[in-house]
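Enquirer: Shown below is the structure under consideration.
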Amino acid sequence: MERLFQIAIDGPAAAGKSTVAKIVAKALGFVYIDTGAMYRSLTYKALKTGTDMKNGIKLKELLDVTDIVLKHSEIGQRVFVDGEDVSERIRYPDVTAQVSLVSSFGKVRTEMVRRQRKLAEHCSVVMDGRDIGTHVLPRAQVKIFLKASVDERAVRRFREEELKGLHPSIQALREAIALRDKKDMERTISPLVKAKDAIELDTTSLSVDEVVDRILNIAKERIRR
Ligand code: CDP
Ligand code: CDP
């Protein structure tokens, strides 16, 4: 059987993980798996059903009856929860504000990780998240840890909001990003941390193309070996 190849991309919010992961996956013909979208989907469902987001057992019960599908098409990834296209909805501030809490529970994470590993069972993947190199795909041939200054990351999110016709305060975006990073780094189970064998890329002053080129060079070199 053809050897499957795994690229794990982790890092804090707005470091550019999903943007570069999608391009790298396309260039290599691999499947892109956005694990953050899975945690966001459960958070959306919890909001919709009025589930107590401080209760890990209730959240796990909810996850057990929730179908989360990542579909890939020419126009990019679409995310479906129980058949409903939630691709835009899961990026709204109410979901973003609660997702770190929802993803902090061990029972929730165990089930998510089971689903994520299953998605990578039969194809080569680029998977992005917080614990991919450390926990979900510990044997990934390429592990990247993307980072950038919090100021730069706030500006990146601001530009994205501007494109949608919105004008949020950069300061508020900066604070929300810093708070989410803190929660993700301080949780007990699979916190956001660089894997020992991950390559760290500081993207603060790099363009998307430069980051993609670096990751592709690393991946191609390892694929050749
Ligand atoms: O794209 P952005 O950085 O805003 O976040 P995301 O990748 O969509 O992830 C949203 C949240 O899900 C993170 O802040 C984490 O709390 C959680 N997450 C996680 O715990 N583990 C992962 N593998 C991916 C996301
Ligand atoms: O997935 P993550 O939260 O890490 O970041 P993202 O959702 O990919 O958002 C990163 C934003 O910064 C996007 O608008 C990118 O166009 C932009 N950007 C980047 O990803 N990488 C750079 N080196 C420069 C800008």
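Chain labels run A, B, ... following the order of the structure tokens; each chain numbers its residues from 1, and ligands are numbered from 1 in the order shown.
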Taking the backbone alone, and naming residues the way the document does, which bits of segment 89-158 of chain A are strand (DSSP E) by DSSP, as a PDB file with C-alpha atoms, in the first residue's frame?

Expert:
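Once written, out25.pdb looks like this:
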```pdb
ATOM      1  CA  VAL A 125      -3.475  14.815   5.085  1.00  0.00           C
ATOM      2  CA  VAL A 126      -2.604  18.308   6.174  1.00  0.00           C
ATOM      3  CA  MET A 127      -4.295  18.711   9.552  1.00  0.00           C
ATOM      4  CA  ASP A 128      -4.307  21.943  11.534  1.00  0.00           C
ATOM      5  CA  GLY A 129      -5.219  22.681  15.139  1.00  0.00           C
ATOM      6  CA  VAL A 142       6.184  16.968   9.076  1.00  0.00           C
ATOM      7  CA  LYS A 143       5.229  19.015  12.116  1.00  0.00           C
ATOM      8  CA  ILE A 144       5.032  22.791  11.877  1.00  0.00           C
ATOM      9  CA  PHE A 145       4.366  25.235  14.701  1.00  0.00           C
ATOM     10  CA  LEU A 146       3.256  28.578  13.248  1.00  0.00           C
ATOM     11  CA  LYS A 147       3.420  31.689  15.344  1.00  0.00           C
TER      12      LYS A 147
END
```

Enquirer: List every residue of chain A that has an atom at most 8 Å from any atom of ligand 1, giving for each one its closest atom pair and the distance in Å to one decimal, counting only C-alpha atoms and all ligand atoms, sorted by chain and then by ascending residue number, as JSON lines.

Expert:
```
{"residue": "A:Asp10", "atom": "CA", "partner": "ligand 1", "partner_atom_place_in_ligand_line": "23 (N)", "distance": 7.8}
{"residue": "A:Gly11", "atom": "CA", "partner": "ligand 1", "partner_atom_place_in_ligand_line": "3 (O)", "distance": 7.8}
{"residue": "A:Pro12", "atom": "CA", "partner": "ligand 1", "partner_atom_place_in_ligand_line": "3 (O)", "distance": 6.0}
{"residue": "A:Ala13", "atom": "CA", "partner": "ligand 1", "partner_atom_place_in_ligand_line": "3 (O)", "distance": 3.2}
{"residue": "A:Ala14", "atom": "CA", "partner": "ligand 1", "partner_atom_place_in_ligand_line": "3 (O)", "distance": 4.7}
{"residue": "A:Ala15", "atom": "CA", "partner": "ligand 1", "partner_atom_place_in_ligand_line": "3 (O)", "distance": 7.0}
{"residue": "A:Gly16", "atom": "CA", "partner": "ligand 1", "partner_atom_place_in_ligand_line": "3 (O)", "distance": 7.8}
{"residue": "A:Lys17", "atom": "CA", "partner": "ligand 1", "partner_atom_place_in_ligand_line": "1 (O)", "distance": 7.3}
{"residue": "A:Ser18", "atom": "CA", "partner": "ligand 1", "partner_atom_place_in_ligand_line": "1 (O)", "distance": 6.7}
{"residue": "A:Asp34", "atom": "CA", "partner": "ligand 1", "partner_atom_place_in_ligand_line": "7 (O)", "distance": 7.0}
{"residue": "A:Thr35", "atom": "CA", "partner": "ligand 1", "partner_atom_place_in_ligand_line": "24 (C)", "distance": 4.7}
{"residue": "A:Gly36", "atom": "CA", "partner": "ligand 1", "partner_atom_place_in_ligand_line": "25 (C)", "distance": 3.6}
{"residue": "A:Ala37", "atom": "CA", "partner": "ligand 1", "partner_atom_place_in_ligand_line": "8 (O)", "distance": 5.1}
{"residue": "A:Met38", "atom": "CA", "partner": "ligand 1", "partner_atom_place_in_ligand_line": "24 (C)", "distance": 7.6}
{"residue": "A:Tyr39", "atom": "CA", "partner": "ligand 1", "partner_atom_place_in_ligand_line": "12 (O)", "distance": 5.1}
{"residue": "A:Arg40", "atom": "CA", "partner": "ligand 1", "partner_atom_place_in_ligand_line": "10 (C)", "distance": 6.0}
{"residue": "A:Arg91", "atom": "CA", "partner": "ligand 1", "partner_atom_place_in_ligand_line": "8 (O)", "distance": 7.6}
{"residue": "A:Thr96", "atom": "CA", "partner": "ligand 1", "partner_atom_place_in_ligand_line": "10 (C)", "distance": 6.8}
{"residue": "A:Val99", "atom": "CA", "partner": "ligand 1", "partner_atom_place_in_ligand_line": "11 (C)", "distance": 5.3}
{"residue": "A:Ser100", "atom": "CA", "partner": "ligand 1", "partner_atom_place_in_ligand_line": "16 (O)", "distance": 3.4}
{"residue": "A:Leu101", "atom": "CA", "partner": "ligand 1", "partner_atom_place_in_ligand_line": "16 (O)", "distance": 6.9}
{"residue": "A:Val102", "atom": "CA", "partner": "ligand 1", "partner_atom_place_in_ligand_line": "16 (O)", "distance": 7.5}
{"residue": "A:Ser103", "atom": "CA", "partner": "ligand 1", "partner_atom_place_in_ligand_line": "20 (O)", "distance": 4.9}
{"residue": "A:Ser104", "atom": "CA", "partner": "ligand 1", "partner_atom_place_in_ligand_line": "20 (O)", "distance": 6.7}
{"residue": "A:Arg109", "atom": "CA", "partner": "ligand 1", "partner_atom_place_in_ligand_line": "20 (O)", "distance": 7.7}
{"residue": "A:Asp128", "atom": "CA", "partner": "ligand 1", "partner_atom_place_in_ligand_line": "23 (N)", "distance": 6.7}
{"residue": "A:Gly129", "atom": "CA", "partner": "ligand 1", "partner_atom_place_in_ligand_line": "23 (N)", "distance": 3.6}
{"residue": "A:Arg130", "atom": "CA", "partner": "ligand 1", "partner_atom_place_in_ligand_line": "23 (N)", "distance": 4.2}
{"residue": "A:Asp131", "atom": "CA", "partner": "ligand 1", "partner_atom_place_in_ligand_line": "23 (N)", "distance": 4.9}
{"residue": "A:Ile132", "atom": "CA", "partner": "ligand 1", "partner_atom_place_in_ligand_line": "23 (N)", "distance": 5.9}
{"residue": "A:Val136", "atom": "CA", "partner": "ligand 1", "partner_atom_place_in_ligand_line": "23 (N)", "distance": 7.9}
{"residue": "A:Ile177", "atom": "CA", "partner": "ligand 1", "partner_atom_place_in_ligand_line": "4 (O)", "distance": 8.0}
{"residue": "A:Arg180", "atom": "CA", "partner": "ligand 1", "partner_atom_place_in_ligand_line": "14 (O)", "distance": 5.6}
{"residue": "A:Asp181", "atom": "CA", "partner": "ligand 1", "partner_atom_place_in_ligand_line": "14 (O)", "distance": 6.6}
{"residue": "A:Lys183", "atom": "CA", "partner": "ligand 1", "partner_atom_place_in_ligand_line": "16 (O)", "distance": 7.3}
{"residue": "A:Asp184", "atom": "CA", "partner": "ligand 1", "partner_atom_place_in_ligand_line": "16 (O)", "distance": 5.3}
{"residue": "A:Ser190", "atom": "CA", "partner": "ligand 1", "partner_atom_place_in_ligand_line": "20 (O)", "distance": 7.7}
{"residue": "A:Pro191", "atom": "CA", "partner": "ligand 1", "partner_atom_place_in_ligand_line": "20 (O)", "distance": 7.4}
{"residue": "A:Leu192", "atom": "CA", "partner": "ligand 1", "partner_atom_place_in_ligand_line": "20 (O)", "distance": 7.5}
```

Enquirer: Please identify the alpha helix (DSSP H) residues within segment 11-97 of chain A (assignment by DSSP from backbone atoms) and present them as a ChimeraX atom specification.

Expert: /A:17-28,35-49,56-64,93-97

Enquirer: Out of A:Ala154, A:Leu47, A:Val31, A:Leu42, which residue has the shortest atom-to-atom distance to ligand 2 when counting only C-alpha atoms and all ligand atoms?

Expert: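 Closest candidate: A:Ala154.
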
Enquirer: Between atom CA of Lys48 of chain A and atom CA of Asp85 of chain A, what is the distance, to one decimal in Å?

Expert: 14.1 Å

Enquirer: Considering only C-alpha atoms, can you say which of A:Leu163, A:Ile33, A:Ile23, A:Ile223 comes closest to Val113 of chain A?

Expert: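 Ranked by minimum distance to Val113 of chain A, first place goes to A:Ile33.
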
Enquirer: May I have the residues within 12 Å of Asn217 of chain A as a list in words, using only C-alpha atoms and disregarding those fewer than 5 positions away in the same chain?

Expert: Val24, Ala27, Leu28, Val142, Glu210, Val211, Val212, Arg222, Ile223 and Arg224 of chain A

Enquirer: Restricting the calculation to only C-alpha atoms, which member of A:Gln98, A:Ser73, A:Ser207, A:Thr43 is positioned closest to Leu59 of chain A?

Expert: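 Of the candidates, the smallest distance to Leu59 of chain A is held by A:Thr43.
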
Enquirer: Please provide as a list in words all residues within 8 Å of Asp67 of chain A, with the sequence filter that same-chain residues fewer than 3 positions apart are discarded (counting only C-alpha atoms).

Expert: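 With the cut-off at 8 Å, the set is Leu63, Phe80, Val81, Asp82 and Gly83 of chain A.
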
Enquirer: Point out the residue among A:Ala120, A:Glu186, A:Phe105, A:Val150 with the least atom-to-atom distance to Ile170 of chain A, counting only C-alpha atoms.

Expert: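 Between A:Ala120, A:Glu186, A:Phe105, A:Val150, the residue approaching Ile170 of chain A most closely is A:Val150.
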
Enquirer: Between atom CA of Arg114 of chain A and atom CA of Gly56 of chain A, what is the distance, to one decimal in Å?

Expert: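 Distance reported for this atom pair: 16.8 Å.
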
Enquirer: Excluding His167 of chain A and any residue of its chain fewer than 3 positions from it, enumerate the residues within 8 Å of it, using only C-alpha atoms, and give them as a ChimeraX atom specification.

Expert: /A:158,161-162

Enquirer: Please produce a file of those selected residues containing all heavy atoms, as an mmCIF file, in the first residue's frame.

Expert:
```
data_model
loop_
_atom_site.group_PDB
_atom_site.id
_atom_site.type_symbol
_atom_site.label_atom_id
_atom_site.label_comp_id
_atom_site.auth_asym_id
_atom_site.auth_seq_id
_atom_site.Cartn_x
_atom_site.Cartn_y
_atom_site.Cartn_z
ATOM 1 N N PHE A 158 -8.434 41.743 11.759
ATOM 2 C CA PHE A 158 -9.088 43.009 11.433
ATOM 3 C C PHE A 158 -9.290 43.119 9.919
ATOM 4 O O PHE A 158 -10.372 43.477 9.442
ATOM 5 C CB PHE A 158 -8.244 44.175 11.954
ATOM 6 C CG PHE A 158 -8.816 45.525 11.629
ATOM 7 C CD1 PHE A 158 -9.868 46.045 12.382
ATOM 8 C CD2 PHE A 158 -8.337 46.272 10.554
ATOM 9 C CE1 PHE A 158 -10.427 47.277 12.073
ATOM 10 C CE2 PHE A 158 -8.898 47.497 10.232
ATOM 11 C CZ PHE A 158 -9.936 48.001 10.992
ATOM 12 N N GLU A 161 -12.133 41.005 8.773
ATOM 13 C CA GLU A 161 -13.437 41.581 9.134
ATOM 14 C C GLU A 161 -13.773 42.735 8.193
ATOM 15 O O GLU A 161 -14.912 42.890 7.772
ATOM 16 C CB GLU A 161 -13.430 42.076 10.591
ATOM 17 C CG GLU A 161 -13.239 40.968 11.618
ATOM 18 C CD GLU A 161 -14.333 39.916 11.578
ATOM 19 O OE1 GLU A 161 -15.507 40.293 11.651
ATOM 20 O OE2 GLU A 161 -14.014 38.719 11.446
ATOM 21 N N GLU A 162 -12.742 43.529 7.860
ATOM 22 C CA GLU A 162 -12.954 44.660 6.937
ATOM 23 C C GLU A 162 -13.485 44.190 5.597
ATOM 24 O O GLU A 162 -14.353 44.822 4.998
ATOM 25 C CB GLU A 162 -11.620 45.387 6.715
ATOM 26 C CG GLU A 162 -11.433 46.580 7.611
ATOM 27 C CD GLU A 162 -10.267 47.433 7.124
ATOM 28 O OE1 GLU A 162 -9.310 46.889 6.519
ATOM 29 O OE2 GLU A 162 -10.322 48.647 7.332
#
```

Enquirer: For a quick check of understanding, using only C-alpha atoms, which of A:Ala25, A:Leu70, A:Ile9, A:Ile75 has the smallest distance to Thr134 of chain A?

Expert: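 For Thr134 of chain A, the nearest of the candidates is A:Ile9.
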
Enquirer: Let me make sure I understand: among A:Thr188, A:Thr49, A:Ser149, A:Thr66, which one has the smallest atom-to-atom distance to ligand 2 if we use only C-alpha atoms and all ligand atoms?

Expert: A:Ser149

Enquirer: Expressed in Å to a single decimal, how great is the separation between atom CA of Val20 of chain A and atom CA of Ala172 of chain A?

Expert: 25.1 Å
